[in-house]
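**Q** Please find input-v9.pdb (PDB, C-alpha atoms and all ligand atoms) on the next line:
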ATOM      1  CA  MET A  12     -12.835 358.741 -45.878
ATOM      2  CA  GLU A  13     -14.005 361.628 -43.686
ATOM      3  CA  THR A  14     -10.925 363.855 -43.732
ATOM      4  CA  ARG A  15     -10.298 366.013 -40.674
ATOM      5  CA  PRO A  16      -7.044 367.618 -39.514
ATOM      6  CA  VAL A  17      -4.900 365.324 -37.358
ATOM      7  CA  PRO A  18      -4.035 367.037 -34.041
ATOM      8  CA  ALA A  19      -0.593 366.763 -32.451
ATOM      9  CA  PHE A  20       0.220 365.926 -28.830
ATOM     10  CA  ASN A  21       3.449 367.585 -27.655
ATOM     11  CA  GLY A  22       4.363 368.080 -31.332
ATOM     12  CA  ILE A  23       3.746 364.399 -32.229
ATOM     13  CA  PRO A  24       0.939 363.822 -34.796
ATOM     14  CA  ALA A  25      -1.799 361.899 -32.973
ATOM     15  CA  LEU A  26      -2.031 359.137 -35.607
ATOM     16  CA  GLY A  27       0.950 357.446 -37.235
ATOM     17  CA  LEU A  28       1.668 354.329 -39.248
ATOM     18  CA  GLY A  29       3.394 351.489 -37.384
ATOM     19  CA  THR A  30       5.772 349.694 -39.722
ATOM     20  CA  TYR A  31       6.538 346.442 -37.889
ATOM     21  CA  PRO A  32       6.699 343.827 -39.493
ATOM     22  CA  LEU A  33       6.640 345.476 -42.927
ATOM     23  CA  SER A  34       9.693 344.737 -45.074
ATOM     24  CA  GLY A  35      11.115 345.057 -48.569
ATOM     25  CA  GLN A  36       9.222 346.735 -51.404
ATOM     26  CA  ASP A  37       5.927 346.112 -49.567
ATOM     27  CA  CYS A  38       7.115 348.379 -46.763
ATOM     28  CA  THR A  39       8.086 351.154 -49.206
ATOM     29  CA  ASP A  40       4.781 350.845 -51.094
ATOM     30  CA  ILE A  41       2.634 350.843 -47.926
ATOM     31  CA  VAL A  42       4.395 353.859 -46.407
ATOM     32  CA  LYS A  43       3.923 355.759 -49.687
ATOM     33  CA  MET A  44       0.266 354.700 -49.881
ATOM     34  CA  THR A  45      -0.445 356.003 -46.368
ATOM     35  CA  VAL A  46       1.384 359.290 -47.017
ATOM     36  CA  GLY A  47      -0.855 359.621 -50.091
ATOM     37  CA  LEU A  48      -3.891 359.215 -47.802
ATOM     38  CA  GLY A  49      -2.643 361.990 -45.511
ATOM     39  CA  TYR A  50      -0.501 360.204 -42.892
ATOM     40  CA  ARG A  51       2.325 362.459 -41.713
ATOM     41  CA  HIS A  52       3.807 360.262 -38.969
ATOM     42  CA  ILE A  53       5.774 357.061 -39.573
ATOM     43  CA  ASP A  54       7.098 354.794 -36.801
ATOM     44  CA  THR A  55      10.102 352.560 -37.451
ATOM     45  CA  ALA A  56      12.987 351.082 -35.426
ATOM     46  CA  GLN A  57      16.420 349.583 -35.929
ATOM     47  CA  MET A  58      14.910 346.305 -34.702
ATOM     48  CA  TYR A  59      12.378 346.189 -37.575
ATOM     49  CA  GLY A  60      15.111 346.012 -40.244
ATOM     50  CA  ASN A  61      13.116 348.323 -42.523
ATOM     51  CA  GLU A  62      14.634 351.797 -42.051
ATOM     52  CA  ARG A  63      16.125 351.713 -45.563
ATOM     53  CA  GLU A  64      12.718 350.825 -47.061
ATOM     54  CA  VAL A  65      11.013 353.568 -45.037
ATOM     55  CA  GLY A  66      13.744 355.957 -46.221
ATOM     56  CA  ALA A  67      13.074 354.990 -49.854
ATOM     57  CA  ALA A  68       9.382 355.795 -49.351
ATOM     58  CA  LEU A  69      10.135 359.159 -47.747
ATOM     59  CA  LYS A  70      12.388 360.050 -50.660
ATOM     60  CA  SER A  71       9.916 359.124 -53.400
ATOM     61  CA  CYS A  72       6.510 359.917 -51.843
ATOM     62  CA  GLY A  73       6.243 363.441 -53.224
ATOM     63  CA  VAL A  74       5.724 365.107 -49.829
ATOM     64  CA  PRO A  75       8.623 367.195 -48.487
ATOM     65  CA  ARG A  76      10.551 365.330 -45.794
ATOM     66  CA  GLY A  77      10.030 368.238 -43.382
ATOM     67  CA  GLU A  78       6.263 367.624 -43.443
ATOM     68  CA  ILE A  79       6.518 364.012 -42.246
ATOM     69  CA  PHE A  80       7.232 363.127 -38.611
ATOM     70  CA  VAL A  81       9.594 360.140 -38.426
ATOM     71  CA  THR A  82      10.384 358.147 -35.296
ATOM     72  CA  THR A  83      13.068 355.518 -34.947
ATOM     73  CA  LYS A  84      14.360 353.567 -31.947
ATOM     74  CA  VAL A  85      17.755 352.346 -30.829
ATOM     75  CA  ASP A  86      17.927 348.561 -30.598
ATOM     76  CA  PRO A  87      18.780 347.200 -27.103
ATOM     77  CA  SER A  88      21.933 345.604 -28.554
ATOM     78  CA  ASN A  89      23.187 349.146 -29.335
ATOM     79  CA  ASN A  90      22.471 350.683 -25.906
ATOM     80  CA  GLY A  91      26.127 350.751 -24.770
ATOM     81  CA  LYS A  92      28.530 353.630 -25.373
ATOM     82  CA  ALA A  93      30.533 351.630 -27.936
ATOM     83  CA  ARG A  94      27.628 351.221 -30.373
ATOM     84  CA  PHE A  95      24.870 353.757 -29.641
ATOM     85  CA  SER A  96      25.990 356.704 -31.754
ATOM     86  CA  ASP A  97      27.235 354.673 -34.748
ATOM     87  CA  SER A  98      23.903 352.845 -34.853
ATOM     88  CA  VAL A  99      22.009 356.157 -34.935
ATOM     89  CA  LYS A 100      24.261 357.445 -37.734
ATOM     90  CA  ARG A 101      23.412 354.300 -39.754
ATOM     91  CA  SER A 102      19.705 354.803 -39.058
ATOM     92  CA  ILE A 103      19.660 358.363 -40.287
ATOM     93  CA  ASP A 104      21.693 357.416 -43.371
ATOM     94  CA  ASP A 105      19.080 354.774 -44.164
ATOM     95  CA  LEU A 106      16.208 357.142 -43.417
ATOM     96  CA  GLY A 107      17.690 359.920 -45.550
ATOM     97  CA  GLY A 108      18.417 362.461 -42.795
ATOM     98  CA  PRO A 109      17.836 363.384 -39.158
ATOM     99  CA  VAL A 110      14.695 362.084 -37.497
ATOM    100  CA  ASP A 111      11.970 363.898 -35.595
ATOM    101  CA  LEU A 112      12.009 361.555 -32.615
ATOM    102  CA  LEU A 113      14.630 359.080 -31.384
ATOM    103  CA  LEU A 114      13.683 356.577 -28.673
ATOM    104  CA  ILE A 115      15.466 354.124 -26.404
ATOM    105  CA  HIS A 116      13.467 351.076 -27.584
ATOM    106  CA  TRP A 117      13.641 349.025 -24.363
ATOM    107  CA  PRO A 118      14.921 350.050 -20.923
ATOM    108  CA  PRO A 119      18.478 348.892 -20.224
ATOM    109  CA  PRO A 120      19.323 347.338 -16.828
ATOM    110  CA  ASP A 121      18.528 349.818 -14.031
ATOM    111  CA  ALA A 122      22.188 350.641 -13.360
ATOM    112  CA  GLU A 123      22.621 351.730 -16.994
ATOM    113  CA  ILE A 124      19.481 353.836 -17.477
ATOM    114  CA  ASP A 125      21.045 357.244 -16.744
ATOM    115  CA  ALA A 126      24.112 356.562 -18.912
ATOM    116  CA  THR A 127      21.881 355.465 -21.803
ATOM    117  CA  LEU A 128      19.742 358.606 -21.441
ATOM    118  CA  ASP A 129      22.947 360.658 -21.680
ATOM    119  CA  LEU A 130      23.844 358.867 -24.942
ATOM    120  CA  LEU A 131      20.370 359.688 -26.265
ATOM    121  CA  LYS A 132      20.769 363.351 -25.333
ATOM    122  CA  ALA A 133      24.122 363.480 -27.159
ATOM    123  CA  GLU A 134      22.351 362.434 -30.392
ATOM    124  CA  GLN A 135      19.968 365.378 -30.048
ATOM    125  CA  VAL A 136      22.837 367.769 -29.366
ATOM    126  CA  ALA A 137      24.593 366.406 -32.473
ATOM    127  CA  GLY A 138      21.505 367.257 -34.550
ATOM    128  CA  ARG A 139      20.591 363.706 -35.517
ATOM    129  CA  THR A 140      17.135 363.993 -33.955
ATOM    130  CA  ALA A 141      14.813 366.893 -33.144
ATOM    131  CA  ARG A 142      13.264 365.189 -30.107
ATOM    132  CA  ILE A 143      14.186 362.350 -27.778
ATOM    133  CA  GLY A 144      12.065 359.926 -25.812
ATOM    134  CA  VAL A 145      11.754 356.495 -24.289
ATOM    135  CA  SER A 146       9.782 353.324 -24.898
ATOM    136  CA  ASN A 147       8.564 350.555 -22.602
ATOM    137  CA  PHE A 148       9.551 352.549 -19.496
ATOM    138  CA  THR A 149       7.621 351.742 -16.301
ATOM    139  CA  PRO A 150       6.283 354.560 -14.058
ATOM    140  CA  ARG A 151       9.416 354.508 -11.890
ATOM    141  CA  MET A 152      11.746 354.473 -14.900
ATOM    142  CA  LEU A 153       9.749 357.272 -16.516
ATOM    143  CA  ARG A 154      10.120 359.487 -13.437
ATOM    144  CA  GLN A 155      13.864 358.730 -13.439
ATOM    145  CA  ALA A 156      14.118 359.599 -17.155
ATOM    146  CA  ALA A 157      12.215 362.869 -16.771
ATOM    147  CA  LYS A 158      14.434 363.840 -13.838
ATOM    148  CA  ARG A 159      17.584 363.207 -15.878
ATOM    149  CA  LEU A 160      16.186 364.693 -19.114
ATOM    150  CA  PRO A 161      13.185 366.974 -18.525
ATOM    151  CA  GLU A 162      12.987 367.501 -22.305
ATOM    152  CA  ILE A 163      11.968 363.914 -23.173
ATOM    153  CA  ALA A 164       8.958 364.036 -25.484
ATOM    154  CA  CYS A 165       7.086 360.765 -24.855
ATOM    155  CA  ASN A 166       6.992 357.191 -23.602
ATOM    156  CA  GLN A 167       5.938 354.716 -26.320
ATOM    157  CA  VAL A 168       4.202 351.752 -24.696
ATOM    158  CA  GLU A 169       1.619 349.052 -25.325
ATOM    159  CA  TYR A 170      -1.716 350.796 -24.870
ATOM    160  CA  HIS A 171      -5.197 349.538 -25.773
ATOM    161  CA  PRO A 172      -8.468 348.762 -23.974
ATOM    162  CA  LEU A 173      -7.504 345.187 -23.010
ATOM    163  CA  LEU A 174      -4.467 346.305 -20.971
ATOM    164  CA  ASP A 175      -4.824 348.281 -17.741
ATOM    165  CA  GLN A 176      -2.255 351.089 -18.046
ATOM    166  CA  ARG A 177      -3.914 353.535 -15.632
ATOM    167  CA  GLU A 178      -0.877 353.727 -13.317
ATOM    168  CA  LEU A 179       1.447 354.489 -16.218
ATOM    169  CA  LYS A 180      -0.958 357.079 -17.667
ATOM    170  CA  LYS A 181      -1.193 358.767 -14.268
ATOM    171  CA  ALA A 182       2.613 358.909 -14.015
ATOM    172  CA  ALA A 183       2.927 360.306 -17.558
ATOM    173  CA  ASP A 184       0.179 362.897 -16.930
ATOM    174  CA  ALA A 185       1.933 364.048 -13.748
ATOM    175  CA  LEU A 186       5.029 364.723 -15.870
ATOM    176  CA  SER A 187       2.955 366.303 -18.723
ATOM    177  CA  LEU A 188       4.406 363.651 -21.024
ATOM    178  CA  PRO A 189       2.239 362.051 -23.700
ATOM    179  CA  LEU A 190       2.122 358.299 -24.179
ATOM    180  CA  VAL A 191       2.393 356.842 -27.686
ATOM    181  CA  ALA A 192       0.249 353.709 -28.021
ATOM    182  CA  TYR A 193       1.832 350.746 -29.748
ATOM    183  CA  SER A 194      -0.208 347.653 -30.597
ATOM    184  CA  PRO A 195      -3.179 350.068 -30.248
ATOM    185  CA  VAL A 196      -5.751 347.533 -31.480
ATOM    186  CA  ALA A 197      -3.911 344.658 -29.713
ATOM    187  CA  ARG A 198      -3.280 343.134 -33.137
ATOM    188  CA  GLY A 199      -7.049 342.707 -33.635
ATOM    189  CA  ARG A 200      -7.889 341.156 -30.242
ATOM    190  CA  THR A 201      -9.811 344.276 -29.187
ATOM    191  CA  PHE A 202     -12.314 343.772 -32.038
ATOM    192  CA  GLN A 203     -13.861 340.717 -30.289
ATOM    193  CA  ASN A 204     -14.698 342.534 -27.047
ATOM    194  CA  GLY A 205     -18.460 342.815 -26.365
ATOM    195  CA  VAL A 206     -18.354 346.362 -24.940
ATOM    196  CA  ILE A 207     -16.391 347.613 -27.943
ATOM    197  CA  LYS A 208     -18.627 345.747 -30.400
ATOM    198  CA  ALA A 209     -21.785 347.282 -28.870
ATOM    199  CA  ILE A 210     -20.357 350.834 -29.035
ATOM    200  CA  ALA A 211     -19.213 350.203 -32.617
ATOM    201  CA  GLU A 212     -22.746 349.130 -33.608
ATOM    202  CA  LYS A 213     -24.237 352.234 -31.991
ATOM    203  CA  HIS A 214     -21.849 354.508 -33.928
ATOM    204  CA  LYS A 215     -22.148 352.422 -37.142
ATOM    205  CA  ARG A 216     -18.365 352.285 -37.269
ATOM    206  CA  PRO A 217     -15.887 349.373 -37.169
ATOM    207  CA  PRO A 218     -14.479 348.396 -33.738
ATOM    208  CA  SER A 219     -11.029 349.538 -34.924
ATOM    209  CA  GLU A 220     -12.255 353.158 -35.139
ATOM    210  CA  ILE A 221     -13.822 352.951 -31.659
ATOM    211  CA  VAL A 222     -10.601 351.605 -30.121
ATOM    212  CA  LEU A 223      -8.358 354.166 -31.831
ATOM    213  CA  ARG A 224     -10.762 357.003 -30.984
ATOM    214  CA  TRP A 225     -10.726 355.940 -27.292
ATOM    215  CA  ILE A 226      -6.923 356.244 -27.388
ATOM    216  CA  VAL A 227      -6.585 359.654 -29.054
ATOM    217  CA  GLN A 228      -9.501 361.121 -27.091
ATOM    218  CA  GLN A 229      -7.294 360.661 -23.971
ATOM    219  CA  GLY A 230      -4.439 362.627 -25.545
ATOM    220  CA  VAL A 231      -2.510 359.450 -26.368
ATOM    221  CA  VAL A 232      -0.889 359.112 -29.825
ATOM    222  CA  ALA A 233      -1.782 355.899 -31.749
ATOM    223  CA  ILE A 234       0.445 354.135 -34.283
ATOM    224  CA  PRO A 235      -1.563 351.208 -35.735
ATOM    225  CA  LYS A 236       0.166 349.042 -38.310
ATOM    226  CA  THR A 237      -1.803 348.210 -41.420
ATOM    227  CA  SER A 238      -0.944 346.972 -44.908
ATOM    228  CA  LYS A 239      -4.421 347.670 -46.286
ATOM    229  CA  ARG A 240      -5.537 350.872 -47.939
ATOM    230  CA  ASP A 241      -9.121 350.647 -46.648
ATOM    231  CA  HIS A 242      -7.918 350.034 -43.069
ATOM    232  CA  ALA A 243      -5.438 352.945 -43.271
ATOM    233  CA  ALA A 244      -8.214 355.224 -44.573
ATOM    234  CA  SER A 245     -10.666 354.050 -41.901
ATOM    235  CA  ASN A 246      -8.119 354.701 -39.146
ATOM    236  CA  LEU A 247      -7.979 358.362 -40.220
ATOM    237  CA  ASN A 248     -11.749 358.670 -39.609
ATOM    238  CA  ILE A 249     -11.207 358.766 -35.832
ATOM    239  CA  PHE A 250     -10.904 362.544 -35.955
ATOM    240  CA  ALA A 251     -14.432 362.840 -37.358
ATOM    241  CA  PHE A 252     -16.422 361.678 -34.312
ATOM    242  CA  GLU A 253     -16.353 361.597 -30.509
ATOM    243  CA  LEU A 254     -17.131 359.030 -27.832
ATOM    244  CA  SER A 255     -19.376 360.140 -24.967
ATOM    245  CA  PRO A 256     -17.957 360.293 -21.407
ATOM    246  CA  ASP A 257     -19.990 357.141 -20.564
ATOM    247  CA  GLU A 258     -18.569 355.304 -23.577
ATOM    248  CA  MET A 259     -15.024 356.352 -22.639
ATOM    249  CA  THR A 260     -15.590 355.097 -19.066
ATOM    250  CA  ALA A 261     -17.081 351.791 -20.258
ATOM    251  CA  ILE A 262     -14.085 351.092 -22.513
ATOM    252  CA  SER A 263     -11.661 352.140 -19.763
ATOM    253  CA  GLY A 264     -13.187 349.452 -17.524
ATOM    254  CA  ILE A 265     -12.274 346.555 -19.839
ATOM    255  CA  GLY A 266      -8.523 346.306 -19.256
ATOM    256  CA  SER A 267      -6.558 344.048 -16.929
ATOM    257  CA  SER A 268      -2.888 343.456 -16.179
ATOM    258  CA  ALA A 269      -3.152 340.170 -18.111
ATOM    259  CA  GLY A 270      -3.942 341.941 -21.384
ATOM    260  CA  ARG A 271      -0.355 342.468 -22.541
ATOM    261  CA  THR A 272       0.518 341.431 -26.120
ATOM    262  CA  ILE A 273       4.279 342.074 -25.986
ATOM    263  CA  ASN A 274       6.090 340.696 -22.935
ATOM    264  CA  PRO A 275       9.731 339.797 -23.556
ATOM    265  CA  GLY A 276      11.642 337.806 -20.956
ATOM    266  CA  TRP A 277      13.938 340.674 -19.997
ATOM    267  CA  MET A 278      10.942 342.690 -18.743
ATOM    268  CA  SER A 279       9.485 339.920 -16.594
ATOM    269  CA  GLY A 280       9.137 341.212 -13.046
ATOM    270  CA  ARG A 281       9.972 344.786 -14.124
ATOM    271  CA  TRP A 282       6.619 346.111 -15.464
ATOM    272  CA  ASN A 283       5.208 346.940 -12.029
ATOM    273  CA  ASP A 284       8.319 348.137 -10.250
TER     274      ASP A 284
HETATM  275  N1  LIG A 301       8.060 350.294 -28.941
HETATM  276  C1  LIG A 301       7.828 348.996 -28.997
HETATM  277  O1  LIG A 301       8.407 348.195 -28.248
HETATM  278  C2  LIG A 301       6.827 348.474 -29.995
HETATM  279  C3  LIG A 301       6.336 347.166 -29.872
HETATM  280  C4  LIG A 301       5.404 346.723 -30.806
HETATM  281  C5  LIG A 301       4.980 347.554 -31.824
HETATM  282  N2  LIG A 301       5.486 348.821 -31.958
HETATM  283  C6  LIG A 301       5.046 349.721 -33.041
HETATM  284  O2  LIG A 301       3.636 349.824 -32.996
HETATM  285  C7  LIG A 301       3.075 349.487 -34.248
HETATM  286  C8  LIG A 301       1.696 348.893 -34.106
HETATM  287  O3  LIG A 301       1.679 347.800 -33.229
HETATM  288  P1  LIG A 301       1.400 346.292 -33.696
HETATM  289  O4  LIG A 301       1.702 346.133 -35.131
HETATM  290  O5  LIG A 301       2.040 345.421 -32.684
HETATM  291  O6  LIG A 301      -0.163 346.096 -33.442
HETATM  292  P2  LIG A 301      -1.525 346.801 -33.921
HETATM  293  O7  LIG A 301      -1.265 348.030 -34.667
HETATM  294  O8  LIG A 301      -2.400 346.835 -32.717
HETATM  295  O9  LIG A 301      -2.153 345.685 -34.841
HETATM  296  C9  LIG A 301      -1.796 345.491 -36.164
HETATM  297  C10 LIG A 301      -2.880 344.640 -36.792
HETATM  298  O10 LIG A 301      -4.107 345.380 -36.774
HETATM  299  C11 LIG A 301      -4.726 345.286 -38.036
HETATM  300  N3  LIG A 301      -5.453 346.535 -38.315
HETATM  301  C12 LIG A 301      -4.982 347.809 -38.294
HETATM  302  N4  LIG A 301      -5.964 348.689 -38.626
HETATM  303  C13 LIG A 301      -7.071 347.932 -38.871
HETATM  304  C14 LIG A 301      -8.404 348.235 -39.262
HETATM  305  N5  LIG A 301      -8.804 349.498 -39.468
HETATM  306  N6  LIG A 301      -9.273 347.217 -39.433
HETATM  307  C15 LIG A 301      -8.899 345.928 -39.218
HETATM  308  N7  LIG A 301      -7.646 345.566 -38.839
HETATM  309  C16 LIG A 301      -6.747 346.558 -38.658
HETATM  310  C17 LIG A 301      -3.624 345.060 -39.035
HETATM  311  O11 LIG A 301      -4.096 344.245 -40.091
HETATM  312  P3  LIG A 301      -4.007 344.743 -41.643
HETATM  313  O12 LIG A 301      -2.556 344.912 -41.974
HETATM  314  O13 LIG A 301      -4.680 343.612 -42.352
HETATM  315  O14 LIG A 301      -4.778 346.018 -41.705
HETATM  316  C18 LIG A 301      -2.572 344.299 -38.229
HETATM  317  O15 LIG A 301      -2.729 342.905 -38.353
HETATM  318  C19 LIG A 301       4.131 348.539 -34.869
HETATM  319  O16 LIG A 301       3.950 348.389 -36.253
HETATM  320  C20 LIG A 301       5.400 349.230 -34.450
HETATM  321  O17 LIG A 301       5.650 350.338 -35.330
HETATM  322  C21 LIG A 301       6.394 349.294 -31.027
END
Would you write the structure of this file as C-alpha cells?

**A**
Amino acid sequence: METRPVPAFNGIPALGLGTYPLSGQDCTDIVKMTVGLGYRHIDTAQMYGNEREVGAALKSCGVPRGEIFVTTKVDPSNNGKARFSDSVKRSIDDLGGPVDLLLIHWPPPDAEIDATLDLLKAEQVAGRTARIGVSNFTPRMLRQAAKRLPEIACNQVEYHPLLDQRELKKAADALSLPLVAYSPVARGRTFQNGVIKAIAEKHKRPPSEIVLRWIVQQGVVAIPKTSKRDHAASNLNIFAFELSPDEMTAISGIGSSAGRTINPGWMSGRWND
C-alpha cells in the first residue's frame, strides 16, 4: 500500500468505507480492519440495519471516536415529524454518540421537502450531528435544499463513469457543495469498460483505482464498499497518483443516463426534474 494523506472536501474525508450490505460480526470486523488500514470515514444508514455493528467497531477499533468521520442517513419511513427525531436518537445510541454527518437518505414528496429539511436542522441544533446533508437529491431539489439550509454539507448520489451526472455536478459546483459518490465503481461494472481498462494498463493499476481516482480528482468524495483487505488497501492508493487531463476527459465521456445502478420506483420520473 502506498500511503498518502487522505484530503477532505468540505470537511468530509475524500475516501470512506461504504457499509451496505455488511451485517453482523462481519460488518464489525470489516470496519475495524479498514480503520486499521487508515480509513477515517465510515458510511452507514438506518436502512442498512448495521448501525449497532458499526458502533461496536468504532468502540473497539483503538482509534479515538473523534478521529473517525461517521455518516448515517434517516430512512424514508422516518421522514415525518412523528418519527424523525426518535429514529436519529436510536441511531446515535447504536453508533455510540453523535455523528459527523446526518443525511436525508431519499427525497420525500416535493410538498414535504422543506419540512423534512427543518427536521434535519433540528437534529443539528440538538447536537446529534455536526453536519447535515442530503442524498439522492436532483439539481432542482438541491437548489431548494441549499436555499432553505445554506449550511448543508453535501449531496450523496450515485456517481461513477458509467452514469452521466454532469448536470448534477454543475448544480452542486454552483452551490459550492461537494458530491459524495455512492456505488463509485458501479458494483464492479466499471471494470469491464474498454477506456478504463486501457488507462489501467497504462498506469499498471487495477481499474478500481482508475475509477476511484477519476472521482476524487474532481473533488467528489468516494465511499466504495469492500469486504476484502487487499481491495480496501488498494482503494487507498488513489492518493498516490494522478490522471492526466486527457485521461480525465476520456473517462468523463463514457457515461450515459442509462448507467444508473440504483433506481427505486419512487424516483421514477423525478431524476431529471
Ligand atoms: N445514499 C444512497 O442511497 C446509497 C445507495 C447505495 C449505496 N450507498 C452507499 O455507498 C456504498 C458503496 O456503494 P455500493 O456498495 O452500492 O457499490 P460499490 O462500492 O460501487 O461496489 C461495491 C462492490 O465493489 C467491489 N470492490 C470495491 N473495491 C474493489 C476493488 N479495489 N477491487 C475489486 N472490487 C472492488 C466490492 O467487492 P469486494 O467486497 O469483493 O471488494 C463490492 O462488490 C454502500 O456500501 C453504501 O454505504 C448509498

**Q** Nearest to ligand LIG 301 (chain A) among A:Leu179, A:Ala133, A:Ile249, A:Ala156, with distances taken over all atoms listed in the file: which residue is it?

**A**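 The answer is A:Ile249, which sits nearest to ligand LIG 301 (chain A).
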
**Q** If you measure from atom C13 of ligand LIG 301 (chain A) to CA of Glu169 in chain A, what distance in Å do you get, rounded to one decimal?

**A**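 Result for atom C13 of ligand LIG 301 (chain A) versus CA of Glu169 in chain A: 16.1 Å, one decimal.
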
**Q** Skipping near chain neighbours, those fewer than 4 positions away, what residues fall within 6 Å of Leu28 in chain A using only C-alpha atoms, listed as a compact mmCIF listing (two decimals) with C-alpha atoms, keeping the file's coordinate frame?

**A**
# COMPACT_ATOMS: atom_id res chain seq x y z
CA ILE A 53 5.77 357.06 -39.57
CA ASP A 54 7.10 354.79 -36.80
CA ILE A 234 0.44 354.14 -34.28
CA PRO A 235 -1.56 351.21 -35.74
CA LYS A 236 0.17 349.04 -38.31

**Q** May I ask which of the residues A:Ser263, A:Ser245, A:Thr149, A:Ser102 is the closest one to ligand LIG 301 (chain A), counting all atoms listed in the file?

**A**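 The shortest atom-to-atom distance to ligand LIG 301 (chain A) comes from A:Ser245.
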
**Q** Quick one: of A:Met58, A:Val46, A:Val222, A:Ile23, who's nearest to Phe80 in chain A, counting all atoms listed in the file?

**A**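 Checking each of A:Met58, A:Val46, A:Val222, A:Ile23 against Phe80 in chain A, counting all atoms listed in the file, the winner is A:Ile23.
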
**Q** Name every residue that the PyMOL selection byres (((chain A and resi 68) around 7) and not hetatm) selects in this structure, writing the answer as a list in words with chains first and numbers rising.

**A**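 Taken on the displayed file, the PyMOL selection byres (((chain A and resi 68) around 7) and not hetatm) yields the residues Thr39, Asp40, Val42, Lys43, Glu64, Val65, Gly66, Ala67, Leu69, Lys70, Ser71 and Cys72 of chain A.
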
**Q** Give me, as an MDAnalysis selection string, all polymer residues having an atom no more than 12 Å from His171 in chain A, counting only C-alpha atoms and skipping those fewer than 3 positions away in the same chain.

**A** chainID A and resid 168 174:177 180 190:202 204 207 219 221:227 229 231:235 262:268 270:272

**Q** Of the candidates A:Ser34, A:Met259, A:Thr127, A:Lys100, which shows the shortest atom-to-atom distance to Gln228 in chain A, using only C-alpha atoms?

**A**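 Distance minimum relative to Gln228 in chain A lands on A:Met259.
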
**Q** Can you report as lines of an AutoDock Vina configuration file the centre and edge lengths in Å, to one decimal, of an axis-aligned box around the listed atoms of ligand LIG 301 (chain A) padded with 8 Å on each side?

**A**
center_x = -0.4
center_y = 346.6
center_z = -35.3
size_x = 33.7
size_y = 23.4
size_z = 30.1

**Q** Between A:Asn283, A:Thr83, A:Asn21, A:Ala261, which has the minimum distance to Ser187 in chain A (counting all atoms listed in the file)?

**A**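 Checking each candidate against Ser187 in chain A, we get A:Asn21 as the closest.
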
**Q** Find the residue from A:Gln203, A:Thr45, A:Thr82, A:Thr140 that sits nearest to Leu247 in chain A; use only C-alpha atoms when measuring.

**A** A:Thr45

**Q** Please measure the separation of CA of Ile124 in chain A and CA of Pro109 in chain A, giving the value in Å to one decimal.

**A**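 It comes out at 23.7 Å.
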
**Q** Please indicate the distance in Å from CA of His242 in chain A to CA of Gly49 in chain A, rounded to one decimal place.

**A** 13.3 Å

**Q** Could you list, as a PyMOL selection string, every residue within 12 Å of range 162-164 of chain A, counting all atoms listed in the file and ignoring same-chain residues fewer than 2 positions away?

**A** chain A and resi 20-23+82+111-115+128-129+131-132+135+140-146+153-160+166-167+183+186-191+232

**Q** Which polymer residues have any atom within 6 Å of an atom of range 85-91 of chain A, counting only C-alpha atoms, with same-chain residues fewer than 2 positions away left out, as an mmCIF file with C-alpha atoms, keeping the file's coordinate frame?

**A**
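Result went into out11.cif, see below:
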data_model
loop_
_atom_site.group_PDB
_atom_site.id
_atom_site.type_symbol
_atom_site.label_atom_id
_atom_site.label_comp_id
_atom_site.auth_asym_id
_atom_site.auth_seq_id
_atom_site.Cartn_x
_atom_site.Cartn_y
_atom_site.Cartn_z
ATOM 1 C CA GLN A 57 16.420 349.583 -35.929
ATOM 2 C CA MET A 58 14.910 346.305 -34.702
ATOM 3 C CA ALA A 93 30.533 351.630 -27.936
ATOM 4 C CA ARG A 94 27.628 351.221 -30.373
ATOM 5 C CA PHE A 95 24.870 353.757 -29.641
ATOM 6 C CA ILE A 115 15.466 354.124 -26.404
ATOM 7 C CA HIS A 116 13.467 351.076 -27.584
#

**Q** I'd like the residues picked by the PyMOL selection byres (((chain A and resi 241) around 12) and not hetatm) written out as a ChimeraX atom specification, using the chain letters and numbers from the file.

**A** /A:12,41,44-45,48,217,219,237-240,242-248
